[in-house]
Amino acid sequence: MIVGIDASNVRTGGGVTHMVNLLGAARPREFGIRRVRVWANARTLVLLPERDWLEKLHEPWLDRALPWRLAWQWLRLPRLAHAGCDLLFSPGGNAPRVAPLPLLAMSRNMLPFEWSELRRYGFSWTTLRLLMLRFGMVRTFRRADGVIFLMPYAKAAVERVARVSGRVAIVPHGVEERFRVPPRPQVALADCSPERPLRLLYVSIVDVYKHQWHVAEAVARLRAEGLPLLLDLVGPAYPPALARLRRTLERVDPRGECVRYRGPLPFEDLHRLTAEADLFVFASSCENMPNILLEAMAQGFPIACARRGPMPELLGDAGVYFDPEDPAEIALAIRRLAEDAALRARCARAAFERAANYTWARCADETLAFIRAIAAAIRL
């Protein structure tokens, strides 16, 4: 069997992480797959592993803007897939009709399916793009022979909107082994000071559903109450959300004493910052399966986490939860962890142990087994 992968919209973030690690851990011949063909832009293809069974196909249209990528997907992809594949896999979840070729789709983006989150973008190109994506994904899921969901939460949310007629599997992502660090000894808050504060870290894009401004306000309140805390915010930014964050910082911490926005950092610098942190904060209100949270768990962090979406499914009882839109509740969760080193130690150990269940080898095996099952069912 030859499997084609439409990676036309796999360009940044979690999509690239998934594709790189899935193919890096895959053993396709054990599942009756003799070749895998991936169509993607040049930057993504460079990141993919070199394997004798992997054919990396560069399509110049995919290096261009969205209209060009959509044109390639709808005009060229069906012909390319029919010419040399036995099944098409769409990890982006938005694919053209390729019947009678079997189609496997994947749900990775929850924003198009949660109106309360989508509306945060107001009247904007982002809103229009997400609505278009919702339409395309609903249509794809309805006609796909199989759909992969990452978490039960995502499956339930999507199925409220899209009728999924094919087979369904829940295949969670893994975490890279480089992130697995046993929990470190927890420093007592009494041993901290404004010069040597308890360091908080929040790594994520600054966006309208990530609520960094509420976290910053919570930390500033605690600092004003005498807790020696320092919050580092790391990640790229959606400009309107960054403007809101900067307005908040100017109001609650104009001298930058307790909150620092570091922007996007290279991995080497991020690794150093992670090693220096004592507590992780994750305040997103819309996720499918957050790689960032899973990586923080694998690094043995005590975590203060949003009580939204799939986060309780992933973190379980290994964290302290809050409403990400309530700075007072965020402050309460952070205070609980900051003042109780024993609680931090228990949460860190539990999070580290839960993260051990998520590996890319498991993800690859379960994905390829599902592909094999779909192909076998179609042949029957």
# chains A, B, ... in the order shown; residues from 1 in each chain; ligands from 1
$ select_by_dssp --residues "stretch 44-211 of chain A" --states "alpha helix (DSSP H)" --output "ChimeraX atom specification"
/A:44-47,66-75,77-84,115-118,125-143,152-159
$ select_by_dssp --residues "stretch 15-115 of chain A" --states "strand (DSSP E)" --output "list of chain:residue names"
A:Arg35, A:Val36, A:Arg37, A:Val38, A:Trp39, A:Ala40, A:Leu54, A:Glu55, A:Lys56, A:Leu57, A:His58, A:Leu87, A:Leu88, A:Phe89, A:Ser90, A:Leu103, A:Leu104, A:Ala105, A:Met106
$ atom_distance --atom1 "atom CA of A:Gly24" --atom2 "atom CA of A:Ala169"
21.0 Å
$ closest_atom_pairs --of "stretch 291-359 of chain A" --to "stretch 260-273 of chain A" --cutoff "12 Å" --atoms "only C-alpha atoms" --output "Markdown table"
| residue | atom | partner | partner_atom | distance |
| --- | --- | --- | --- | --- |
| A:Glu295 | CA | A:His271 | CA | 11.7 |
| A:Ala296 | CA | A:His271 | CA | 11.6 |
| A:Gln299 | CA | A:His271 | CA | 10.7 |
$ residues_around --residues "stretch 46-54 of chain A" --least-positions-apart "6" --cutoff "10 Å" --atoms "only C-alpha atoms" --output "count of residues only"
22
$ closest_residue --among "A:Asp340, A:Asp207, A:Asp63, A:Glu217" --to "A:Arg120" --atoms "only C-alpha atoms"
A:Asp207
$ residues_around --residues "stretch 110-116 of chain A" --least-positions-apart "3" --cutoff "6 Å" --atoms "only C-alpha atoms" --output "list of chain:residue names"
A:Arg119, A:Leu130, A:Arg134, A:Glu287, A:Asn288
$ residues_around --residues "A:Ala351" --least-positions-apart "6" --cutoff "12 Å" --atoms "only C-alpha atoms" --output "PyMOL selection string"
chain A and resi 180-183+280+293-305+312+314-320+344-345+357-358
$ write_last_selection --atoms "N, CA and C atoms" --output "mmCIF file, in the first residue's frame"
data_model
loop_
_atom_site.group_PDB
_atom_site.id
_atom_site.type_symbol
_atom_site.label_atom_id
_atom_site.label_comp_id
_atom_site.auth_asym_id
_atom_site.auth_seq_id
_atom_site.Cartn_x
_atom_site.Cartn_y
_atom_site.Cartn_z
ATOM 1 N N ARG A 180 11.517 15.211 28.458
ATOM 2 C CA ARG A 180 11.268 14.434 29.680
ATOM 3 C C ARG A 180 12.376 14.705 30.704
ATOM 4 N N VAL A 181 11.989 15.426 31.736
ATOM 5 C CA VAL A 181 12.916 15.795 32.812
ATOM 6 C C VAL A 181 12.236 15.493 34.140
ATOM 7 N N PRO A 182 12.792 14.629 34.968
ATOM 8 C CA PRO A 182 12.145 14.328 36.252
ATOM 9 C C PRO A 182 11.952 15.591 37.082
ATOM 10 N N PRO A 183 10.911 15.635 37.893
ATOM 11 C CA PRO A 183 10.653 16.830 38.712
ATOM 12 C C PRO A 183 11.843 17.196 39.583
ATOM 13 N N PHE A 280 4.646 26.335 36.032
ATOM 14 C CA PHE A 280 4.151 26.585 34.685
ATOM 15 C C PHE A 280 2.691 27.007 34.748
ATOM 16 N N LEU A 293 1.182 22.128 26.908
ATOM 17 C CA LEU A 293 0.843 21.611 28.234
ATOM 18 C C LEU A 293 1.459 20.232 28.446
ATOM 19 N N LEU A 294 1.393 19.386 27.440
ATOM 20 C CA LEU A 294 1.971 18.050 27.561
ATOM 21 C C LEU A 294 3.476 18.118 27.781
ATOM 22 N N GLU A 295 4.141 19.026 27.084
ATOM 23 C CA GLU A 295 5.581 19.181 27.261
ATOM 24 C C GLU A 295 5.916 19.687 28.657
ATOM 25 N N ALA A 296 5.098 20.580 29.192
ATOM 26 C CA ALA A 296 5.316 21.052 30.563
ATOM 27 C C ALA A 296 5.138 19.922 31.562
ATOM 28 N N MET A 297 4.160 19.060 31.330
ATOM 29 C CA MET A 297 3.964 17.892 32.192
ATOM 30 C C MET A 297 5.188 16.988 32.152
ATOM 31 N N ALA A 298 5.702 16.742 30.937
ATOM 32 C CA ALA A 298 6.859 15.856 30.788
ATOM 33 C C ALA A 298 8.101 16.433 31.445
ATOM 34 N N GLN A 299 8.157 17.758 31.566
ATOM 35 C CA GLN A 299 9.305 18.397 32.201
ATOM 36 C C GLN A 299 9.163 18.479 33.713
ATOM 37 N N GLY A 300 8.130 17.870 34.260
ATOM 38 C CA GLY A 300 7.992 17.799 35.702
ATOM 39 C C GLY A 300 7.666 19.118 36.360
ATOM 40 N N PHE A 301 6.862 19.945 35.699
ATOM 41 C CA PHE A 301 6.456 21.215 36.296
ATOM 42 C C PHE A 301 5.205 21.044 37.149
ATOM 43 N N PRO A 302 5.106 21.736 38.263
ATOM 44 C CA PRO A 302 3.795 21.972 38.863
ATOM 45 C C PRO A 302 3.072 22.965 37.963
ATOM 46 N N ILE A 303 1.773 22.746 37.733
ATOM 47 C CA ILE A 303 1.073 23.509 36.696
ATOM 48 C C ILE A 303 -0.209 24.112 37.248
ATOM 49 N N ALA A 304 -0.377 25.416 36.994
ATOM 50 C CA ALA A 304 -1.650 26.097 37.189
ATOM 51 C C ALA A 304 -2.294 26.185 35.807
ATOM 52 N N CYS A 305 -3.513 25.665 35.668
ATOM 53 C CA CYS A 305 -4.052 25.412 34.335
ATOM 54 C C CYS A 305 -5.510 25.870 34.208
ATOM 55 N N PRO A 312 -8.507 19.373 31.496
ATOM 56 C CA PRO A 312 -8.680 18.418 32.602
ATOM 57 C C PRO A 312 -8.519 16.962 32.163
ATOM 58 N N LEU A 314 -6.379 15.902 29.958
ATOM 59 C CA LEU A 314 -4.950 15.660 29.790
ATOM 60 C C LEU A 314 -4.200 15.716 31.118
ATOM 61 N N LEU A 315 -4.449 16.737 31.908
ATOM 62 C CA LEU A 315 -3.692 16.956 33.145
ATOM 63 C C LEU A 315 -4.272 16.199 34.335
ATOM 64 N N GLY A 316 -5.563 15.894 34.292
ATOM 65 C CA GLY A 316 -6.183 15.157 35.392
ATOM 66 C C GLY A 316 -6.080 15.896 36.715
ATOM 67 N N ASP A 317 -5.736 15.164 37.770
ATOM 68 C CA ASP A 317 -5.623 15.772 39.102
ATOM 69 C C ASP A 317 -4.199 16.221 39.394
ATOM 70 N N ALA A 318 -3.398 16.397 38.341
ATOM 71 C CA ALA A 318 -1.991 16.758 38.517
ATOM 72 C C ALA A 318 -1.754 18.258 38.409
ATOM 73 N N GLY A 319 -2.791 19.057 38.573
ATOM 74 C CA GLY A 319 -2.622 20.497 38.510
ATOM 75 C C GLY A 319 -3.652 21.206 39.364
ATOM 76 N N VAL A 320 -3.541 22.520 39.441
ATOM 77 C CA VAL A 320 -4.512 23.376 40.116
ATOM 78 C C VAL A 320 -5.184 24.216 39.039
ATOM 79 N N ARG A 344 3.161 21.535 45.249
ATOM 80 C CA ARG A 344 3.891 21.627 43.976
ATOM 81 C C ARG A 344 4.612 20.327 43.660
ATOM 82 N N ALA A 345 5.232 19.743 44.646
ATOM 83 C CA ALA A 345 5.971 18.494 44.433
ATOM 84 C C ALA A 345 5.029 17.371 44.013
ATOM 85 N N ASN A 357 2.577 8.387 29.491
ATOM 86 C CA ASN A 357 1.650 7.611 28.666
ATOM 87 C C ASN A 357 1.604 8.088 27.222
ATOM 88 N N TYR A 358 2.184 9.243 26.954
ATOM 89 C CA TYR A 358 2.076 9.838 25.621
ATOM 90 C C TYR A 358 3.431 9.794 24.918
#
$ closest_residue --among "A:Ala157, A:Cys286, A:Ile148, A:Ala42" --to "A:Phe89" --atoms "only C-alpha atoms"
A:Ile148
